[in-house]
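J.: File entry_21.pdb follows (PDB, C-alpha atoms):
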```pdb
MODEL        1
ATOM      1  CA  MET A1488       8.082 -42.863 -62.680  1.00  0.00           C
ATOM      2  CA  ALA A1489       7.545 -39.612 -60.805  1.00  0.00           C
ATOM      3  CA  GLY A1490      10.599 -40.279 -58.645  1.00  0.00           C
ATOM      4  CA  ARG A1491      12.823 -40.683 -61.680  1.00  0.00           C
ATOM      5  CA  LYS A1492      11.550 -37.420 -63.149  1.00  0.00           C
ATOM      6  CA  ILE A1493      12.314 -35.544 -59.937  1.00  0.00           C
ATOM      7  CA  ARG A1494      15.820 -37.034 -59.723  1.00  0.00           C
ATOM      8  CA  LYS A1495      16.375 -36.161 -63.358  1.00  0.00           C
ATOM      9  CA  LYS A1496      15.322 -32.595 -62.776  1.00  0.00           C
ATOM     10  CA  LEU A1497      17.535 -32.290 -59.725  1.00  0.00           C
ATOM     11  CA  ASN A1498      20.512 -33.670 -61.650  1.00  0.00           C
ATOM     12  CA  SER A1499      19.837 -31.411 -64.599  1.00  0.00           C
ATOM     13  CA  THR A1500      22.296 -28.605 -65.314  1.00  0.00           C
ATOM     14  CA  HIS A1501      19.655 -26.360 -66.864  1.00  0.00           C
ATOM     15  CA  GLY A1502      18.982 -23.007 -65.165  1.00  0.00           C
ATOM     16  CA  THR A1503      15.350 -23.873 -64.371  1.00  0.00           C
ATOM     17  CA  SER A1504      16.343 -26.654 -62.014  1.00  0.00           C
ATOM     18  CA  ILE A1505      18.853 -24.441 -60.213  1.00  0.00           C
ATOM     19  CA  PHE A1506      16.196 -21.728 -59.890  1.00  0.00           C
ATOM     20  CA  PHE A1507      13.687 -24.104 -58.341  1.00  0.00           C
ATOM     21  CA  GLY A1508      16.330 -25.451 -56.002  1.00  0.00           C
ATOM     22  CA  ILE A1509      17.144 -21.969 -54.777  1.00  0.00           C
ATOM     23  CA  LEU A1510      13.430 -21.159 -54.503  1.00  0.00           C
ATOM     24  CA  PHE A1511      12.767 -24.246 -52.383  1.00  0.00           C
ATOM     25  CA  PHE A1512      15.737 -23.343 -50.175  1.00  0.00           C
ATOM     26  CA  MET A1513      14.435 -19.775 -49.680  1.00  0.00           C
ATOM     27  CA  ILE A1514      10.943 -21.029 -48.861  1.00  0.00           C
ATOM     28  CA  ALA A1515      12.332 -23.471 -46.329  1.00  0.00           C
ATOM     29  CA  SER A1516      14.483 -20.726 -44.796  1.00  0.00           C
ATOM     30  CA  ILE A1517      11.541 -18.318 -44.527  1.00  0.00           C
ATOM     31  CA  LEU A1518       9.365 -20.975 -42.928  1.00  0.00           C
ATOM     32  CA  SER A1519      12.134 -21.774 -40.461  1.00  0.00           C
ATOM     33  CA  ILE A1520      12.508 -18.082 -39.542  1.00  0.00           C
ATOM     34  CA  VAL A1521       8.743 -17.676 -39.095  1.00  0.00           C
ATOM     35  CA  MET A1522       8.571 -20.758 -36.883  1.00  0.00           C
ATOM     36  CA  LEU A1523      11.583 -19.592 -34.854  1.00  0.00           C
ATOM     37  CA  ASN A1524      10.124 -16.118 -34.378  1.00  0.00           C
ATOM     38  CA  GLY A1525       6.827 -17.646 -33.323  1.00  0.00           C
ATOM     39  CA  ALA A1526       8.560 -19.839 -30.771  1.00  0.00           C
ATOM     40  CA  VAL A1527      10.585 -16.911 -29.396  1.00  0.00           C
ATOM     41  CA  THR A1528       7.446 -14.755 -29.179  1.00  0.00           C
ATOM     42  CA  ALA A1529       5.609 -17.508 -27.344  1.00  0.00           C
ATOM     43  CA  VAL A1530       8.482 -17.899 -24.860  1.00  0.00           C
ATOM     44  CA  LYS A1531       8.577 -14.129 -24.270  1.00  0.00           C
ATOM     45  CA  ARG A1532       4.810 -14.056 -23.776  1.00  0.00           C
ATOM     46  CA  VAL A1533       4.998 -16.861 -21.224  1.00  0.00           C
ATOM     47  CA  GLN A1534       7.821 -15.092 -19.391  1.00  0.00           C
ATOM     48  CA  SER A1535       5.878 -11.808 -19.453  1.00  0.00           C
ATOM     49  CA  ASP A1536       2.750 -13.523 -18.116  1.00  0.00           C
ATOM     50  CA  LYS A1537       4.768 -15.120 -15.319  1.00  0.00           C
ATOM     51  CA  GLN A1538       6.361 -11.776 -14.413  1.00  0.00           C
ATOM     52  CA  ALA A1539       2.991 -10.009 -14.463  1.00  0.00           C
ATOM     53  CA  GLU A1540       1.523 -12.700 -12.214  1.00  0.00           C
ATOM     54  CA  GLN A1541       4.500 -12.458  -9.858  1.00  0.00           C
ATOM     55  CA  ASN A1542       4.126  -8.657  -9.700  1.00  0.00           C
ATOM     56  CA  TYR A1543       0.419  -9.059  -8.933  1.00  0.00           C
ATOM     57  CA  LEU A1544       1.050 -11.551  -6.131  1.00  0.00           C
ATOM     58  CA  THR A1545       3.849  -9.416  -4.662  1.00  0.00           C
ATOM     59  CA  CYS A1546       1.817  -6.194  -4.829  1.00  0.00           C
ATOM     60  CA  SER A1547      -1.337  -7.766  -3.365  1.00  0.00           C
ATOM     61  CA  SER A1548       0.659  -9.353  -0.532  1.00  0.00           C
ATOM     62  CA  ALA A1549       2.173  -5.986   0.385  1.00  0.00           C
ATOM     63  CA  ALA A1550      -1.247  -4.325   0.183  1.00  0.00           C
ATOM     64  CA  LYS A1551      -2.800  -6.912   2.494  1.00  0.00           C
ATOM     65  CA  LEU A1552       0.149  -6.681   4.894  1.00  0.00           C
ATOM     66  CA  LEU A1553      -0.136  -2.889   5.288  1.00  0.00           C
ATOM     67  CA  ARG A1554      -3.924  -3.028   5.454  1.00  0.00           C
ATOM     68  CA  ASN A1555      -3.917  -5.649   8.205  1.00  0.00           C
ATOM     69  CA  GLU A1556      -1.172  -3.898  10.187  1.00  0.00           C
ATOM     70  CA  ILE A1557      -3.034  -0.578  10.184  1.00  0.00           C
ATOM     71  CA  GLU A1558      -6.448  -2.125  10.891  1.00  0.00           C
ATOM     72  CA  LYS A1559      -5.181  -3.846  14.029  1.00  0.00           C
ATOM     73  CA  THR A1560      -3.480  -0.675  15.286  1.00  0.00           C
ATOM     74  CA  ALA A1561      -4.980   1.590  17.936  1.00  0.00           C
ATOM     75  CA  ILE A1562      -3.129   4.798  18.827  1.00  0.00           C
ATOM     76  CA  ILE A1563      -3.942   6.543  22.105  1.00  0.00           C
ATOM     77  CA  ARG A1564      -3.113  10.064  23.247  1.00  0.00           C
ATOM     78  CA  LYS A1565      -3.320  10.216  27.042  1.00  0.00           C
ATOM     79  CA  ARG A1566      -3.300  13.556  28.861  1.00  0.00           C
ATOM     80  CA  THR A1567      -3.066  13.553  32.664  1.00  0.00           C
ATOM     81  CA  GLN A1568      -3.686  16.713  34.718  1.00  0.00           C
ATOM     82  CA  THR A1569      -3.109  16.548  38.472  1.00  0.00           C
ATOM     83  CA  TRP A1570      -3.694  18.893  41.454  1.00  0.00           C
ATOM     84  CA  ARG A1571      -2.692  18.854  45.081  1.00  0.00           C
ATOM     85  CA  GLU A1572      -5.755  17.735  46.995  1.00  0.00           C
ATOM     86  CA  TYR A1573      -5.595  20.154  49.911  1.00  0.00           C
ATOM     87  CA  ASP A1574      -5.168  23.453  48.012  1.00  0.00           C
ATOM     88  CA  GLN A1575      -5.845  22.604  44.350  1.00  0.00           C
ATOM     89  CA  THR A1576      -2.431  23.780  43.210  1.00  0.00           C
ATOM     90  CA  PRO A1577      -1.626  22.361  39.703  1.00  0.00           C
ATOM     91  CA  ASN A1578       0.773  19.496  40.180  1.00  0.00           C
ATOM     92  CA  GLY A1579       1.524  18.478  36.601  1.00  0.00           C
ATOM     93  CA  ASP A1580       0.248  18.085  33.053  1.00  0.00           C
ATOM     94  CA  THR A1581       1.684  15.218  30.990  1.00  0.00           C
ATOM     95  CA  ILE A1582       0.926  13.826  27.547  1.00  0.00           C
ATOM     96  CA  GLU A1583       1.727  10.258  26.507  1.00  0.00           C
ATOM     97  CA  TRP A1584       1.332   8.566  23.126  1.00  0.00           C
ATOM     98  CA  ASN A1585       0.947   4.792  23.052  1.00  0.00           C
ATOM     99  CA  SER A1586       0.024   2.021  20.634  1.00  0.00           C
ATOM    100  CA  ASP A1587      -0.977  -1.587  21.120  1.00  0.00           C
ATOM    101  CA  SER A1588       0.977  -2.528  17.993  1.00  0.00           C
ATOM    102  CA  GLN A1589       4.674  -3.364  18.094  1.00  0.00           C
ATOM    103  CA  THR A1590       5.102  -3.434  14.305  1.00  0.00           C
ATOM    104  CA  PHE A1591       4.344  -0.899  11.570  1.00  0.00           C
ATOM    105  CA  GLY A1592       1.501   0.833  13.400  1.00  0.00           C
ATOM    106  CA  GLY A1593       3.358   1.282  16.647  1.00  0.00           C
ATOM    107  CA  ILE A1594       6.726   2.143  15.130  1.00  0.00           C
ATOM    108  CA  TYR A1595       5.818   4.497  12.287  1.00  0.00           C
ATOM    109  CA  LEU A1596       2.114   5.359  12.198  1.00  0.00           C
ATOM    110  CA  LYS A1597       2.047   6.424  15.838  1.00  0.00           C
ATOM    111  CA  ASP A1598       4.784   9.010  15.292  1.00  0.00           C
ATOM    112  CA  TRP A1599       3.130  10.359  12.148  1.00  0.00           C
ATOM    113  CA  ILE A1600      -0.262  10.807  13.828  1.00  0.00           C
ATOM    114  CA  GLN A1601       1.396  12.327  16.897  1.00  0.00           C
ATOM    115  CA  ASN A1602       3.283  14.859  14.783  1.00  0.00           C
ATOM    116  CA  MET A1603       0.140  15.843  12.885  1.00  0.00           C
ATOM    117  CA  THR A1604      -1.992  16.111  16.028  1.00  0.00           C
ATOM    118  CA  GLU A1605       0.574  18.121  17.961  1.00  0.00           C
ATOM    119  CA  ASP A1606       1.178  20.386  14.918  1.00  0.00           C
ATOM    120  CA  VAL A1607       4.792  19.269  14.563  1.00  0.00           C
ATOM    121  CA  THR A1608       3.967  18.594  10.913  1.00  0.00           C
ATOM    122  CA  ALA A1609       2.480  21.622   9.173  1.00  0.00           C
ATOM    123  CA  GLY A1610      -0.779  21.254   7.289  1.00  0.00           C
ATOM    124  CA  ASP A1611      -3.535  18.659   7.266  1.00  0.00           C
ATOM    125  CA  THR A1612      -1.750  16.174   4.974  1.00  0.00           C
ATOM    126  CA  MET A1613       1.377  14.053   5.282  1.00  0.00           C
ATOM    127  CA  THR A1614       2.957  11.853   2.606  1.00  0.00           C
ATOM    128  CA  GLN A1615       5.491   9.069   3.083  1.00  0.00           C
ATOM    129  CA  THR A1616       7.150   6.684   0.612  1.00  0.00           C
ATOM    130  CA  LEU A1617       7.884   3.178   1.890  1.00  0.00           C
ATOM    131  CA  GLN A1618       9.672   0.136   0.485  1.00  0.00           C
ATOM    132  CA  VAL A1619       7.888  -3.074   1.488  1.00  0.00           C
ATOM    133  CA  CYS A1620       9.846  -6.338   1.243  1.00  0.00           C
ATOM    134  CA  ASP A1621       9.623  -9.854   2.628  1.00  0.00           C
ATOM    135  CA  SER A1622      11.841 -10.869   5.533  1.00  0.00           C
ATOM    136  CA  ASP A1623      13.685 -13.497   3.438  1.00  0.00           C
ATOM    137  CA  GLY A1624      14.483 -11.062   0.646  1.00  0.00           C
ATOM    138  CA  GLN A1625      13.159 -13.478  -1.978  1.00  0.00           C
ATOM    139  CA  LEU A1626      10.618 -11.092  -3.507  1.00  0.00           C
ATOM    140  CA  GLN A1627      11.185  -7.727  -5.125  1.00  0.00           C
ATOM    141  CA  ASN A1628      10.408  -4.570  -3.177  1.00  0.00           C
ATOM    142  CA  VAL A1629       7.026  -2.898  -3.470  1.00  0.00           C
ATOM    143  CA  THR A1630       6.883   0.894  -3.454  1.00  0.00           C
ATOM    144  CA  ALA A1631       4.081   2.252  -1.254  1.00  0.00           C
ATOM    145  CA  ASP A1632       3.156   5.941  -1.392  1.00  0.00           C
ATOM    146  CA  LEU A1633       1.210   6.590   1.803  1.00  0.00           C
ATOM    147  CA  LYS A1634      -0.935   9.693   2.303  1.00  0.00           C
ATOM    148  CA  ILE A1635      -2.500  10.670   5.647  1.00  0.00           C
ATOM    149  CA  THR A1636      -5.239  13.315   5.575  1.00  0.00           C
ATOM    150  CA  LYS A1637      -7.030  14.946   8.494  1.00  0.00           C
ATOM    151  CA  ASP A1638     -10.796  14.631   8.146  1.00  0.00           C
ATOM    152  CA  SER A1639     -11.959  18.114   9.100  1.00  0.00           C
ATOM    153  CA  SER A1640     -15.507  17.554   7.838  1.00  0.00           C
ATOM    154  CA  GLY A1641     -16.753  17.392  11.416  1.00  0.00           C
ATOM    155  CA  GLU A1642     -18.480  14.044  10.964  1.00  0.00           C
ATOM    156  CA  ASN A1643     -15.930  12.267  13.138  1.00  0.00           C
ATOM    157  CA  LYS A1644     -14.370  14.249  15.948  1.00  0.00           C
ATOM    158  CA  PHE A1645     -13.884  14.493  19.701  1.00  0.00           C
ATOM    159  CA  VAL A1646     -14.126  17.755  21.637  1.00  0.00           C
ATOM    160  CA  ASP A1647     -12.021  17.910  24.802  1.00  0.00           C
ATOM    161  CA  SER A1648     -13.953  20.108  27.233  1.00  0.00           C
ATOM    162  CA  GLU A1649     -11.061  19.907  29.719  1.00  0.00           C
ATOM    163  CA  ASP A1650      -8.602  21.499  27.261  1.00  0.00           C
ATOM    164  CA  ARG A1651     -10.346  24.692  26.126  1.00  0.00           C
ATOM    165  CA  ASN A1652     -12.715  22.648  23.959  1.00  0.00           C
ATOM    166  CA  ARG A1653      -9.892  21.465  21.747  1.00  0.00           C
ATOM    167  CA  THR A1654     -11.148  19.379  18.827  1.00  0.00           C
ATOM    168  CA  TYR A1655      -9.500  16.144  17.684  1.00  0.00           C
ATOM    169  CA  TYR A1656     -10.235  14.848  14.179  1.00  0.00           C
ATOM    170  CA  SER A1657      -9.805  11.450  12.576  1.00  0.00           C
ATOM    171  CA  TYR A1658      -7.184  10.721   9.893  1.00  0.00           C
ATOM    172  CA  ASP A1659      -7.897   8.898   6.635  1.00  0.00           C
ATOM    173  CA  ILE A1660      -5.122   6.905   4.935  1.00  0.00           C
ATOM    174  CA  SER A1661      -4.638   6.169   1.231  1.00  0.00           C
ATOM    175  CA  ILE A1662      -1.801   3.941  -0.041  1.00  0.00           C
ATOM    176  CA  ASN A1663      -0.775   3.555  -3.683  1.00  0.00           C
ATOM    177  CA  LEU A1664       1.372   0.462  -4.225  1.00  0.00           C
ATOM    178  CA  SER A1665       3.371  -0.530  -7.306  1.00  0.00           C
ATOM    179  CA  ALA A1666       5.491  -3.570  -8.192  1.00  0.00           C
ATOM    180  CA  GLY A1667       7.509  -4.104 -11.359  1.00  0.00           C
ATOM    181  CA  GLU A1668       8.002  -1.886 -14.380  1.00  0.00           C
ATOM    182  CA  GLY A1669       6.528  -1.398 -17.835  1.00  0.00           C
ATOM    183  CA  VAL A1670       3.587  -3.407 -19.164  1.00  0.00           C
ATOM    184  CA  ASP A1671       4.104  -6.132 -16.543  1.00  0.00           C
ATOM    185  CA  SER A1672       3.837  -3.755 -13.581  1.00  0.00           C
ATOM    186  CA  CYS A1673       1.017  -3.978 -11.049  1.00  0.00           C
ATOM    187  CA  LYS A1674      -0.573  -1.064  -9.200  1.00  0.00           C
ATOM    188  CA  MET A1675      -3.041  -1.186  -6.320  1.00  0.00           C
ATOM    189  CA  ASN A1676      -4.708   1.205  -3.900  1.00  0.00           C
ATOM    190  CA  VAL A1677      -5.686   0.703  -0.265  1.00  0.00           C
ATOM    191  CA  LYS A1678      -7.946   3.192   1.484  1.00  0.00           C
ATOM    192  CA  LEU A1679      -8.519   3.169   5.242  1.00  0.00           C
ATOM    193  CA  ASN A1680     -11.125   5.349   6.922  1.00  0.00           C
ATOM    194  CA  GLY A1681     -10.062   6.728  10.266  1.00  0.00           C
ATOM    195  CA  THR A1682     -12.132   7.083  13.420  1.00  0.00           C
ATOM    196  CA  VAL A1683     -11.500   9.009  16.623  1.00  0.00           C
ATOM    197  CA  GLU A1684     -13.150   8.712  20.015  1.00  0.00           C
ATOM    198  CA  GLY A1685     -12.362  10.070  23.443  1.00  0.00           C
ATOM    199  CA  ASN A1686     -13.261   9.840  27.102  1.00  0.00           C
ATOM    200  CA  THR A1687     -12.452  11.734  30.298  1.00  0.00           C
ATOM    201  CA  LYS A1688     -12.052  10.318  33.800  1.00  0.00           C
ATOM    202  CA  ARG A1689     -12.009  12.493  36.910  1.00  0.00           C
ATOM    203  CA  ASN A1690     -10.476  11.448  40.247  1.00  0.00           C
ATOM    204  CA  GLY A1691     -12.398  13.271  42.923  1.00  0.00           C
ATOM    205  CA  SER A1692     -14.593  16.332  42.558  1.00  0.00           C
ATOM    206  CA  GLY A1693     -14.786  19.931  43.718  1.00  0.00           C
ATOM    207  CA  THR A1694     -11.968  20.788  46.108  1.00  0.00           C
ATOM    208  CA  GLY A1695     -11.171  17.066  46.325  1.00  0.00           C
ATOM    209  CA  LEU A1696     -10.283  16.820  42.623  1.00  0.00           C
ATOM    210  CA  THR A1697      -6.830  15.291  42.175  1.00  0.00           C
ATOM    211  CA  ALA A1698      -6.635  14.247  38.521  1.00  0.00           C
ATOM    212  CA  VAL A1699      -8.327  14.463  35.141  1.00  0.00           C
ATOM    213  CA  ILE A1700      -7.302  11.837  32.561  1.00  0.00           C
ATOM    214  CA  THR A1701      -8.362  12.341  28.948  1.00  0.00           C
ATOM    215  CA  GLU A1702      -7.755   9.668  26.325  1.00  0.00           C
ATOM    216  CA  VAL A1703      -8.143  10.141  22.572  1.00  0.00           C
ATOM    217  CA  LYS A1704      -8.147   6.926  20.531  1.00  0.00           C
ATOM    218  CA  TYR A1705      -7.416   6.661  16.776  1.00  0.00           C
ATOM    219  CA  THR A1706      -8.341   3.533  14.778  1.00  0.00           C
ATOM    220  CA  TRP A1707      -8.844   2.600  11.107  1.00  0.00           C
ATOM    221  CA  LYS A1708     -11.143   0.434   8.996  1.00  0.00           C
ATOM    222  CA  ALA A1709     -10.135  -0.560   5.460  1.00  0.00           C
ATOM    223  CA  GLU A1710     -12.210  -0.649   2.320  1.00  0.00           C
ATOM    224  CA  ARG A1711     -11.498  -3.210  -0.417  1.00  0.00           C
ATOM    225  CA  ILE A1712      -8.096  -3.236  -2.087  1.00  0.00           C
ATOM    226  CA  MET A1713      -8.478  -1.793  -5.585  1.00  0.00           C
ATOM    227  CA  PHE A1714      -6.530  -2.198  -8.811  1.00  0.00           C
ATOM    228  CA  GLY A1715      -4.721   0.838 -10.184  1.00  0.00           C
ATOM    229  CA  THR A1716      -4.340   4.139  -8.375  1.00  0.00           C
ATOM    230  CA  ASP A1717      -7.887   5.359  -8.997  1.00  0.00           C
ATOM    231  CA  PRO A1718      -9.880   4.839  -5.779  1.00  0.00           C
ATOM    232  CA  ASP A1719     -13.142   4.895  -7.784  1.00  0.00           C
ATOM    233  CA  ILE A1720     -12.288   1.684  -9.665  1.00  0.00           C
ATOM    234  CA  LYS A1721     -12.849  -1.288  -7.393  1.00  0.00           C
ATOM    235  CA  GLY A1722     -10.866  -4.466  -7.849  1.00  0.00           C
ATOM    236  CA  VAL A1723     -11.422  -7.974  -6.642  1.00  0.00           C
ATOM    237  CA  VAL A1724      -8.619  -8.271  -4.118  1.00  0.00           C
ATOM    238  CA  GLN A1725     -10.008  -8.915  -0.671  1.00  0.00           C
TER     239      GLN A1725
ENDMDL
END
```
Please express what this file holds, its structure, as structure tokens.
T.:
Amino acid sequence: MAGRKIRKKLNSTHGTSIFFGILFFMIASILSIVMLNGAVTAVKRVQSDKQAEQNYLTCSSAAKLLRNEIEKTAIIRKRTQTWREYDQTPNGDTIEWNSDSQTFGGIYLKDWIQNMTEDVTAGDTMTQTLQVCDSDGQLQNVTADLKITKDSSGENKFVDSEDRNRTYYSYDISINLSAGEGVDSCKMNVKLNGTVEGNTKRNGSGTGLTAVITEVKYTWKAERIMFGTDPDIKGVVQ
């Protein structure tokens, strides 16, 4: 009975039936649009989450790479003074800079510390911007803003008594890293505390002195990697 009434209404030529037909069509169209928009939004959210996760993994990998490279780097300034044994005439004064690292620390960091120590670079701070990428080129580049600061507080220093009591200070390093753009971007900070130590070796003594070798050694120890660029907000990246 109900089915016949519905068919009769649908076949009716009265305006009420046409109105309800149009109304049902509009409701169905609106529901379809809402469902489609919901599906599109869900797809975009999934894509955004994947991109944010990828940016996090890329940024944290670059942060760990730089941290590990710097931590395993030791930079040594070696000064050698020599004299002729029989009359103590100065025979030479040479300075060498060396590093036990053949990668980032030995190629770049050594030159930066050398320039700051030898006053080639003016001031107590140096900034460098790097682009970190994987060797296969599969991941996007990570921008790393590196800042080196001389620690002149006096808590960590070496005084060279053989060179007019010249003082050598340690250098702290802070790196702000960023990957991606917009709301999906990821930012991290790596801070490394520098240390400096020195020693002097003498070959001979008195009128038999032939050489004085002074070595100054720079090393670094990292704190935890932190989210954002605020070094006071600690993250969970190890």
J.: What lies within 12 Å of Asn1578 of chain A using all atoms listed in the file, ignoring chain neighbours under 2 positions off, as a ChimeraX atom specification?
T.: /A:1567-1576,1580-1581,1696-1699
J.: For this structure, which residues satisfy the selection - the PyMOL selection byres ((chain A and resi 1643-1660) around 8) - when it is evaluated on the file as given? I want them as a list of chain:residue names.
T.: A:Ile1600, A:Thr1604, A:Leu1633, A:Lys1634, A:Ile1635, A:Thr1636, A:Lys1637, A:Asp1638, A:Ser1639, A:Ser1640, A:Gly1641, A:Glu1642, A:Ser1661, A:Ile1662, A:Lys1678, A:Leu1679, A:Asn1680, A:Gly1681, A:Thr1682, A:Val1683, A:Glu1684, A:Gly1685, A:Thr1701, A:Val1703, A:Tyr1705, A:Trp1707
J.: Give me the segment 1587-1677 of chain A side of the contact with segment 1544-1548 of chain A, cut-off 8 Å, one line per residue showing its nearest atom pair and distance in Å at one decimal, counting all atoms listed in the file, sorted by chain and residue number, as a Markdown table.
T.:
```
| residue | atom | partner | partner_atom | distance |
| --- | --- | --- | --- | --- |
| A:Leu1626 | CA | A:Thr1545 | CA | 7.1 |
| A:Gln1627 | CA | A:Thr1545 | CA | 7.5 |
| A:Val1629 | CA | A:Cys1546 | CA | 6.3 |
| A:Leu1664 | CA | A:Cys1546 | CA | 6.7 |
| A:Ser1665 | CA | A:Cys1546 | CA | 6.4 |
| A:Ala1666 | CA | A:Cys1546 | CA | 5.6 |
| A:Cys1673 | CA | A:Cys1546 | CA | 6.7 |
| A:Lys1674 | CA | A:Cys1546 | CA | 7.2 |
| A:Met1675 | CA | A:Cys1546 | CA | 7.1 |
```
J.: Please produce an output containing C-alpha atoms for each residue in the selection, written as a short mmCIF file (atom, residue, chain, number, x, y, z; two decimals), keeping the file's coordinate frame.
T.:
```cif
data_model
loop_
_atom_site.label_atom_id
_atom_site.label_comp_id
_atom_site.auth_asym_id
_atom_site.auth_seq_id
_atom_site.Cartn_x
_atom_site.Cartn_y
_atom_site.Cartn_z
CA LEU A 1626 10.62 -11.09 -3.51
CA GLN A 1627 11.18 -7.73 -5.12
CA VAL A 1629 7.03 -2.90 -3.47
CA LEU A 1664 1.37 0.46 -4.22
CA SER A 1665 3.37 -0.53 -7.31
CA ALA A 1666 5.49 -3.57 -8.19
CA CYS A 1673 1.02 -3.98 -11.05
CA LYS A 1674 -0.57 -1.06 -9.20
CA MET A 1675 -3.04 -1.19 -6.32
#
```
J.: Tell me, in Å to one decimal, how far atom CA of Asp1621 of chain A is from atom CA of Phe1714 of chain A.
T.: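 Separating atom CA of Asp1621 of chain A from atom CA of Phe1714 of chain A is a distance of 21.2 Å.
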J.: Would you mind telling me which residue in A:Met1603, A:Ala1549, A:Ile1509, A:Ile1514 lies nearest to Val1677 of chain A when using all atoms listed in the file?
T.: A:Ala1549
J.: For this file, the PyMOL selection byres ((chain A and resi 1598) around 12) selects which residues, as a PyMOL selection string?
T.: chain A and resi 1562-1564+1583-1586+1591-1597+1599-1608+1613
J.: Which distance in Å separates atom CA of Met1713 of chain A and atom CA of Lys1537 of chain A, to one decimal?
T.: 21.2 Å
J.: Give me the box for segment 1626-1630 of chain A as JSON, namely the centre and edge lengths in Å to one decimal of a box along x, y and z that holds every listed atom plus 4 Å on each side.
T.:
```
{"center_x": 9.0, "center_y": -5.1, "center_z": -4.2, "size_x": 12.3, "size_y": 20.0, "size_z": 9.9}
```
J.: Grab the atom CA of Cys1620 of chain A to atom CA of Leu1552 of chain A distance for me, in Å with one decimal place.
T.: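 According to the coordinates, atom CA of Cys1620 of chain A and atom CA of Leu1552 of chain A are separated by 10.4 Å.
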J.: A:Thr1630, A:Glu1702, A:Thr1694, A:Arg1711: which is nearest Asn1542 of chain A, counting all atoms listed in the file?
T.: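 Among the listed residues, A:Thr1630 lies closest to Asn1542 of chain A.
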